[in-house]
Amino acid sequence: LLDHAMRDLSEKGYAAQTILHYLKFLRHVFRWAIGRDIVEKSPFAKVKLPTVRAGRTRFLSIEEEARLCAAIGQPYDSWIRLAILTGMRRQEQFSLKWADIDLERGLITLPHTKSGTIQYVHLSVEAQAILRGLIVGTTSVWVFPSENPETHLDPNNFKGRLYVPAIARAGLEDVTWHTLRHTYASRLAMSGQTPSTIAALLRHSGTELVARYAHLSPGHLHGALEGVSGFGKEKTEPAQAEPQPKDEGEVSFQTVTGTGIETTKEEAETVQVAESIGRGERI
């Protein structure tokens with residue numbers, strides 16, 4: 001039955017990683033049931049879970065983002081942009097309530113998340129501006145209300161009716177809503193952010209899942225390599241400029257602090273007195 005279920009899910013177009021998630025959850029249910037003497041044994045004892053190797057992480061280039069936004073049109077292009085600026089999952093974004101958004105502090109509170117815990121999304125100035133634009137004329141508690149203002153827009157309805165057709169019109173392949181989250185993380189990496197920063201902004205508990213973006217921050221990695229290359233080598237001091245010879249009869253003085261600024265004899269004496277007795281506060 002498990003083999004048949006795996007084949008059936010695969011034929012329906014489910015991703016290998018999604019099928020693996022389903023199987024792991026079902027295996028957990030059987031272990032739970034065995035521990036409570038509901039069943040005697042688990043069928044997973046004779047079934048090997050499929051191995052899923054991580055593929056290429058798909059993210060949008062600037063040009064691809066522009067094509068997608070042009071294809072989906074207004075006002076939905078700003079919804080796409082908001083997803084790229086925040087990394088929110090589809091369900092998280094479309095179930096937002098205005099009461100959970102603090103535009104003054106630039107913070108969104110997500111009471112219901114994939115991890116089951118309350119999480120926070122930090123907003124850039126541009127993301128705050130997009131949300132302020134959505135406030136105009138709204139009478140619903142939802143940021144993305146449906147035709148019935150008492151409910152929010154159905155994410156699956158939006159996906160099938162608007163998002164997927166726009167992807168096709170833009171000529172993009174292998175692009176899902178989660179690609180927008182990958183785009184957010186990838187741009188963080190390409191701007192030189194550390195794995196711990198990326199993990200924090202993605203709301204991950206660790207850095208394991210952000211390893212896929214490491215190759216996108218070559219500047220950061222190159223700097224680390226140069227640190228290895230220069231390890232143990234003596235740093236060469238910059239050459240001191242030779243003093244220029246003065247014309248006969250011309251006298252040059254330097255300040256006591258050695259600033260290198262040439263002064264007259266009277267000015268030099270004044271500086272020496274100031275250094276000796278101390279300058280007044282805020283001089």
# chains A, B, ... in the order shown; residues from 1 in each chain; ligands from 1
call {"tool": "closest_atom_pairs", "arguments": {"of": "region 48-76 of chain A", "to": "region 163-170 of chain A", "cutoff": "9 Å", "atoms": "only C-alpha atoms", "output": "Markdown table"}}
result
| residue | atom | partner | partner_atom | distance |
| --- | --- | --- | --- | --- |
| A:Glu64 | CA | A:Ala170 | CA | 8.0 |
| A:Arg67 | CA | A:Ala170 | CA | 5.5 |
| A:Leu68 | CA | A:Ala170 | CA | 5.5 |
| A:Cys69 | CA | A:Ala166 | CA | 8.3 |
| A:Ala70 | CA | A:Ala170 | CA | 7.9 |
| A:Ala71 | CA | A:Ala166 | CA | 5.2 |
| A:Ile72 | CA | A:Ala166 | CA | 5.0 |
| A:Gly73 | CA | A:Ala166 | CA | 8.7 |
| A:Tyr76 | CA | A:Tyr163 | CA | 9.0 |
call {"tool": "select_by_dssp", "arguments": {"residues": "region 50-245 of chain A", "states": "alpha helix (DSSP H)", "output": "PyMOL selection string"}}
result
chain A and resi 62-72+76-86+90-94+125-135+155-158+164-169+177-190+195-202+218-229
call {"tool": "residues_around", "arguments": {"residues": "Met88 (chain A)", "least_positions_apart": "5", "cutoff": "12 Å", "atoms": "only C-alpha atoms", "output": "mmCIF file with C-alpha atoms, in the first residue's frame"}}
result
data_model
loop_
_atom_site.group_PDB
_atom_site.id
_atom_site.type_symbol
_atom_site.label_atom_id
_atom_site.label_comp_id
_atom_site.auth_asym_id
_atom_site.auth_seq_id
_atom_site.Cartn_x
_atom_site.Cartn_y
_atom_site.Cartn_z
ATOM 1 C CA TRP A 79 2.164 41.564 -3.831
ATOM 2 C CA ILE A 80 4.971 39.733 -5.642
ATOM 3 C CA ARG A 81 7.442 42.421 -4.651
ATOM 4 C CA LEU A 82 6.341 42.223 -1.003
ATOM 5 C CA ALA A 83 6.992 38.458 -0.993
ATOM 6 C CA GLN A 93 1.303 36.561 3.464
ATOM 7 C CA PHE A 94 -2.317 36.099 2.435
ATOM 8 C CA SER A 95 -3.555 35.530 5.999
ATOM 9 C CA LEU A 96 -2.013 38.761 7.317
ATOM 10 C CA ILE A 108 5.071 41.889 11.332
ATOM 11 C CA THR A 109 3.944 39.374 13.950
ATOM 12 C CA LEU A 110 3.045 35.946 12.552
ATOM 13 C CA THR A 113 3.648 29.631 11.294
ATOM 14 C CA LYS A 114 5.032 26.413 9.881
ATOM 15 C CA GLN A 119 7.567 34.563 14.579
ATOM 16 C CA TYR A 120 8.458 38.055 13.417
ATOM 17 C CA VAL A 121 9.151 39.496 9.972
ATOM 18 C CA HIS A 122 11.297 42.618 9.669
ATOM 19 C CA LEU A 123 10.212 45.166 7.073
ATOM 20 C CA ALA A 127 8.066 46.873 2.169
ATOM 21 C CA TRP A 177 5.540 30.985 -4.862
ATOM 22 C CA HIS A 178 8.334 29.469 -2.769
ATOM 23 C CA THR A 179 10.742 30.657 -5.466
ATOM 24 C CA LEU A 180 10.047 34.176 -4.196
ATOM 25 C CA ARG A 181 11.251 33.127 -0.736
ATOM 26 C CA HIS A 182 14.366 31.607 -2.307
ATOM 27 C CA THR A 183 14.882 34.888 -4.175
ATOM 28 C CA TYR A 184 14.746 36.786 -0.880
ATOM 29 C CA ALA A 185 17.345 34.486 0.702
ATOM 30 C CA LEU A 201 15.645 36.648 8.584
ATOM 31 C CA LEU A 202 14.244 33.422 7.119
ATOM 32 C CA ARG A 203 13.141 32.509 10.653
#
call {"tool": "select_by_dssp", "arguments": {"residues": "region 58-246 of chain A", "states": "strand (DSSP E)", "output": "list in words"}}
result
Ile101, Asp102, Leu107, Ile108, Thr109, Leu110, Gln119, Tyr120, Val121 and His122 of chain A
call {"tool": "write_last_selection", "arguments": {"atoms": "N, CA and C atoms", "output": "PDB file, in the first residue's frame"}}
result
ATOM      1  N   ILE A 101       0.501  44.031  12.132  1.00  0.00           N
ATOM      2  CA  ILE A 101       1.529  44.797  11.431  1.00  0.00           C
ATOM      3  C   ILE A 101       1.797  46.103  12.173  1.00  0.00           C
ATOM      4  N   ASP A 102       3.056  46.326  12.510  1.00  0.00           N
ATOM      5  CA  ASP A 102       3.480  47.559  13.172  1.00  0.00           C
ATOM      6  C   ASP A 102       4.389  48.308  12.193  1.00  0.00           C
ATOM      7  N   LEU A 107       7.658  45.950  11.658  1.00  0.00           N
ATOM      8  CA  LEU A 107       7.643  44.574  12.151  1.00  0.00           C
ATOM      9  C   LEU A 107       6.270  43.943  11.931  1.00  0.00           C
ATOM     10  N   ILE A 108       6.289  42.679  11.471  1.00  0.00           N
ATOM     11  CA  ILE A 108       5.071  41.889  11.332  1.00  0.00           C
ATOM     12  C   ILE A 108       5.138  40.740  12.327  1.00  0.00           C
ATOM     13  N   THR A 109       4.047  40.517  13.043  1.00  0.00           N
ATOM     14  CA  THR A 109       3.944  39.374  13.950  1.00  0.00           C
ATOM     15  C   THR A 109       3.146  38.286  13.250  1.00  0.00           C
ATOM     16  N   LEU A 110       3.730  37.094  13.159  1.00  0.00           N
ATOM     17  CA  LEU A 110       3.045  35.946  12.552  1.00  0.00           C
ATOM     18  C   LEU A 110       2.622  35.001  13.664  1.00  0.00           C
ATOM     19  N   GLN A 119       6.346  34.075  15.197  1.00  0.00           N
ATOM     20  CA  GLN A 119       7.567  34.563  14.579  1.00  0.00           C
ATOM     21  C   GLN A 119       7.375  36.002  14.124  1.00  0.00           C
ATOM     22  N   TYR A 120       8.497  36.645  13.787  1.00  0.00           N
ATOM     23  CA  TYR A 120       8.458  38.055  13.417  1.00  0.00           C
ATOM     24  C   TYR A 120       9.164  38.271  12.087  1.00  0.00           C
ATOM     25  N   VAL A 121       8.582  39.144  11.270  1.00  0.00           N
ATOM     26  CA  VAL A 121       9.151  39.496   9.972  1.00  0.00           C
ATOM     27  C   VAL A 121       9.558  40.967  10.025  1.00  0.00           C
ATOM     28  N   HIS A 122      10.809  41.243   9.684  1.00  0.00           N
ATOM     29  CA  HIS A 122      11.297  42.618   9.669  1.00  0.00           C
ATOM     30  C   HIS A 122      11.042  43.239   8.297  1.00  0.00           C
TER      31      HIS A 122
END
call {"tool": "atom_distance", "arguments": {"atom1": "CA of Asp8 (chain A)", "atom2": "CA of Arg58 (chain A)"}}
result
25.9 Å
call {"tool": "decode", "arguments": {"residues": "region 67-79 of chain A", "atoms": "all heavy atoms", "output": "PDB file, in the first residue's frame"}}
result
ATOM      1  N   ARG A  67       9.795  40.668 -15.517  1.00  0.00           N
ATOM      2  CA  ARG A  67       8.880  39.992 -16.441  1.00  0.00           C
ATOM      3  C   ARG A  67       7.645  39.462 -15.726  1.00  0.00           C
ATOM      4  O   ARG A  67       6.514  39.587 -16.224  1.00  0.00           O
ATOM      5  CB  ARG A  67       9.609  38.850 -17.145  1.00  0.00           C
ATOM      6  CG  ARG A  67      10.480  39.302 -18.308  1.00  0.00           C
ATOM      7  CD  ARG A  67      11.507  38.270 -18.686  1.00  0.00           C
ATOM      8  NE  ARG A  67      10.936  36.937 -18.909  1.00  0.00           N
ATOM      9  CZ  ARG A  67      11.676  35.831 -19.004  1.00  0.00           C
ATOM     10  NH1 ARG A  67      12.994  35.901 -18.878  1.00  0.00           N
ATOM     11  NH2 ARG A  67      11.102  34.675 -19.212  1.00  0.00           N
ATOM     12  N   LEU A  68       7.843  38.881 -14.550  1.00  0.00           N
ATOM     13  CA  LEU A  68       6.721  38.340 -13.788  1.00  0.00           C
ATOM     14  C   LEU A  68       5.778  39.450 -13.347  1.00  0.00           C
ATOM     15  O   LEU A  68       4.552  39.328 -13.468  1.00  0.00           O
ATOM     16  CB  LEU A  68       7.242  37.569 -12.574  1.00  0.00           C
ATOM     17  CG  LEU A  68       6.186  37.037 -11.597  1.00  0.00           C
ATOM     18  CD1 LEU A  68       5.186  36.136 -12.309  1.00  0.00           C
ATOM     19  CD2 LEU A  68       6.852  36.282 -10.454  1.00  0.00           C
ATOM     20  N   CYS A  69       6.335  40.542 -12.841  1.00  0.00           N
ATOM     21  CA  CYS A  69       5.506  41.652 -12.377  1.00  0.00           C
ATOM     22  C   CYS A  69       4.724  42.282 -13.527  1.00  0.00           C
ATOM     23  O   CYS A  69       3.562  42.669 -13.371  1.00  0.00           O
ATOM     24  CB  CYS A  69       6.371  42.705 -11.675  1.00  0.00           C
ATOM     25  SG  CYS A  69       6.988  42.180 -10.059  1.00  0.00           S
ATOM     26  N   ALA A  70       5.371  42.377 -14.706  1.00  0.00           N
ATOM     27  CA  ALA A  70       4.681  42.928 -15.872  1.00  0.00           C
ATOM     28  C   ALA A  70       3.564  41.997 -16.324  1.00  0.00           C
ATOM     29  O   ALA A  70       2.491  42.449 -16.738  1.00  0.00           O
ATOM     30  CB  ALA A  70       5.682  43.160 -17.010  1.00  0.00           C
ATOM     31  N   ALA A  71       3.805  40.686 -16.235  1.00  0.00           N
ATOM     32  CA  ALA A  71       2.817  39.706 -16.687  1.00  0.00           C
ATOM     33  C   ALA A  71       1.603  39.658 -15.768  1.00  0.00           C
ATOM     34  O   ALA A  71       0.475  39.485 -16.231  1.00  0.00           O
ATOM     35  CB  ALA A  71       3.461  38.326 -16.785  1.00  0.00           C
ATOM     36  N   ILE A  72       1.808  39.820 -14.473  1.00  0.00           N
ATOM     37  CA  ILE A  72       0.675  39.711 -13.540  1.00  0.00           C
ATOM     38  C   ILE A  72      -0.057  41.036 -13.388  1.00  0.00           C
ATOM     39  O   ILE A  72      -1.240  41.062 -13.051  1.00  0.00           O
ATOM     40  CB  ILE A  72       1.156  39.190 -12.160  1.00  0.00           C
ATOM     41  CG1 ILE A  72      -0.009  38.566 -11.386  1.00  0.00           C
ATOM     42  CG2 ILE A  72       1.829  40.286 -11.351  1.00  0.00           C
ATOM     43  CD1 ILE A  72       0.413  37.761 -10.178  1.00  0.00           C
ATOM     44  N   GLY A  73       0.630  42.148 -13.647  1.00  0.00           N
ATOM     45  CA  GLY A  73      -0.015  43.456 -13.641  1.00  0.00           C
ATOM     46  C   GLY A  73      -0.354  43.980 -12.263  1.00  0.00           C
ATOM     47  O   GLY A  73      -0.134  43.323 -11.243  1.00  0.00           O
ATOM     48  N   GLN A  74      -0.904  45.191 -12.256  1.00  0.00           N
ATOM     49  CA  GLN A  74      -1.294  45.846 -10.997  1.00  0.00           C
ATOM     50  C   GLN A  74      -2.659  45.339 -10.536  1.00  0.00           C
ATOM     51  O   GLN A  74      -3.493  44.965 -11.363  1.00  0.00           O
ATOM     52  CB  GLN A  74      -1.344  47.359 -11.201  1.00  0.00           C
ATOM     53  CG  GLN A  74      -0.008  47.981 -11.541  1.00  0.00           C
ATOM     54  CD  GLN A  74      -0.110  49.488 -11.715  1.00  0.00           C
ATOM     55  OE1 GLN A  74      -1.197  50.059 -11.812  1.00  0.00           O
ATOM     56  NE2 GLN A  74       1.039  50.156 -11.757  1.00  0.00           N
ATOM     57  N   PRO A  75      -2.919  45.297  -9.236  1.00  0.00           N
ATOM     58  CA  PRO A  75      -2.030  45.651  -8.121  1.00  0.00           C
ATOM     59  C   PRO A  75      -1.180  44.490  -7.654  1.00  0.00           C
ATOM     60  O   PRO A  75      -0.441  44.586  -6.684  1.00  0.00           O
ATOM     61  CB  PRO A  75      -3.013  46.055  -7.027  1.00  0.00           C
ATOM     62  CG  PRO A  75      -4.164  45.106  -7.246  1.00  0.00           C
ATOM     63  CD  PRO A  75      -4.274  44.930  -8.744  1.00  0.00           C
ATOM     64  N   TYR A  76      -1.287  43.359  -8.392  1.00  0.00           N
ATOM     65  CA  TYR A  76      -0.673  42.121  -7.906  1.00  0.00           C
ATOM     66  C   TYR A  76       0.861  42.142  -7.980  1.00  0.00           C
ATOM     67  O   TYR A  76       1.512  41.373  -7.278  1.00  0.00           O
ATOM     68  CB  TYR A  76      -1.225  40.939  -8.697  1.00  0.00           C
ATOM     69  CG  TYR A  76      -2.727  40.943  -8.781  1.00  0.00           C
ATOM     70  CD1 TYR A  76      -3.377  41.139 -10.000  1.00  0.00           C
ATOM     71  CD2 TYR A  76      -3.511  40.805  -7.636  1.00  0.00           C
ATOM     72  CE1 TYR A  76      -4.769  41.171 -10.081  1.00  0.00           C
ATOM     73  CE2 TYR A  76      -4.901  40.842  -7.706  1.00  0.00           C
ATOM     74  CZ  TYR A  76      -5.516  41.026  -8.929  1.00  0.00           C
ATOM     75  OH  TYR A  76      -6.888  41.071  -9.007  1.00  0.00           O
ATOM     76  N   ASP A  77       1.411  43.025  -8.827  1.00  0.00           N
ATOM     77  CA  ASP A  77       2.871  43.100  -8.908  1.00  0.00           C
ATOM     78  C   ASP A  77       3.477  43.520  -7.577  1.00  0.00           C
ATOM     79  O   ASP A  77       4.561  43.063  -7.200  1.00  0.00           O
ATOM     80  CB  ASP A  77       3.311  44.043 -10.024  1.00  0.00           C
ATOM     81  CG  ASP A  77       2.682  45.438  -9.925  1.00  0.00           C
ATOM     82  OD1 ASP A  77       1.744  45.621  -9.114  1.00  0.00           O
ATOM     83  OD2 ASP A  77       3.134  46.335 -10.652  1.00  0.00           O
ATOM     84  N   SER A  78       2.765  44.388  -6.842  1.00  0.00           N
ATOM     85  CA  SER A  78       3.281  44.807  -5.526  1.00  0.00           C
ATOM     86  C   SER A  78       3.201  43.663  -4.522  1.00  0.00           C
ATOM     87  O   SER A  78       4.003  43.601  -3.583  1.00  0.00           O
ATOM     88  CB  SER A  78       2.501  46.022  -5.001  1.00  0.00           C
ATOM     89  OG  SER A  78       1.139  45.691  -4.759  1.00  0.00           O
ATOM     90  N   TRP A  79       2.259  42.738  -4.696  1.00  0.00           N
ATOM     91  CA  TRP A  79       2.164  41.564  -3.831  1.00  0.00           C
ATOM     92  C   TRP A  79       3.377  40.662  -4.040  1.00  0.00           C
ATOM     93  O   TRP A  79       3.914  40.103  -3.082  1.00  0.00           O
ATOM     94  CB  TRP A  79       0.892  40.788  -4.117  1.00  0.00           C
ATOM     95  CG  TRP A  79      -0.376  41.558  -3.930  1.00  0.00           C
ATOM     96  CD1 TRP A  79      -0.503  42.909  -3.685  1.00  0.00           C
ATOM     97  CD2 TRP A  79      -1.706  41.047  -3.992  1.00  0.00           C
ATOM     98  NE1 TRP A  79      -1.823  43.261  -3.608  1.00  0.00           N
ATOM     99  CE2 TRP A  79      -2.596  42.142  -3.785  1.00  0.00           C
ATOM    100  CE3 TRP A  79      -2.239  39.783  -4.205  1.00  0.00           C
ATOM    101  CZ2 TRP A  79      -3.970  41.986  -3.787  1.00  0.00           C
ATOM    102  CZ3 TRP A  79      -3.623  39.627  -4.204  1.00  0.00           C
ATOM    103  CH2 TRP A  79      -4.477  40.712  -3.994  1.00  0.00           C
TER     104      TRP A  79
END
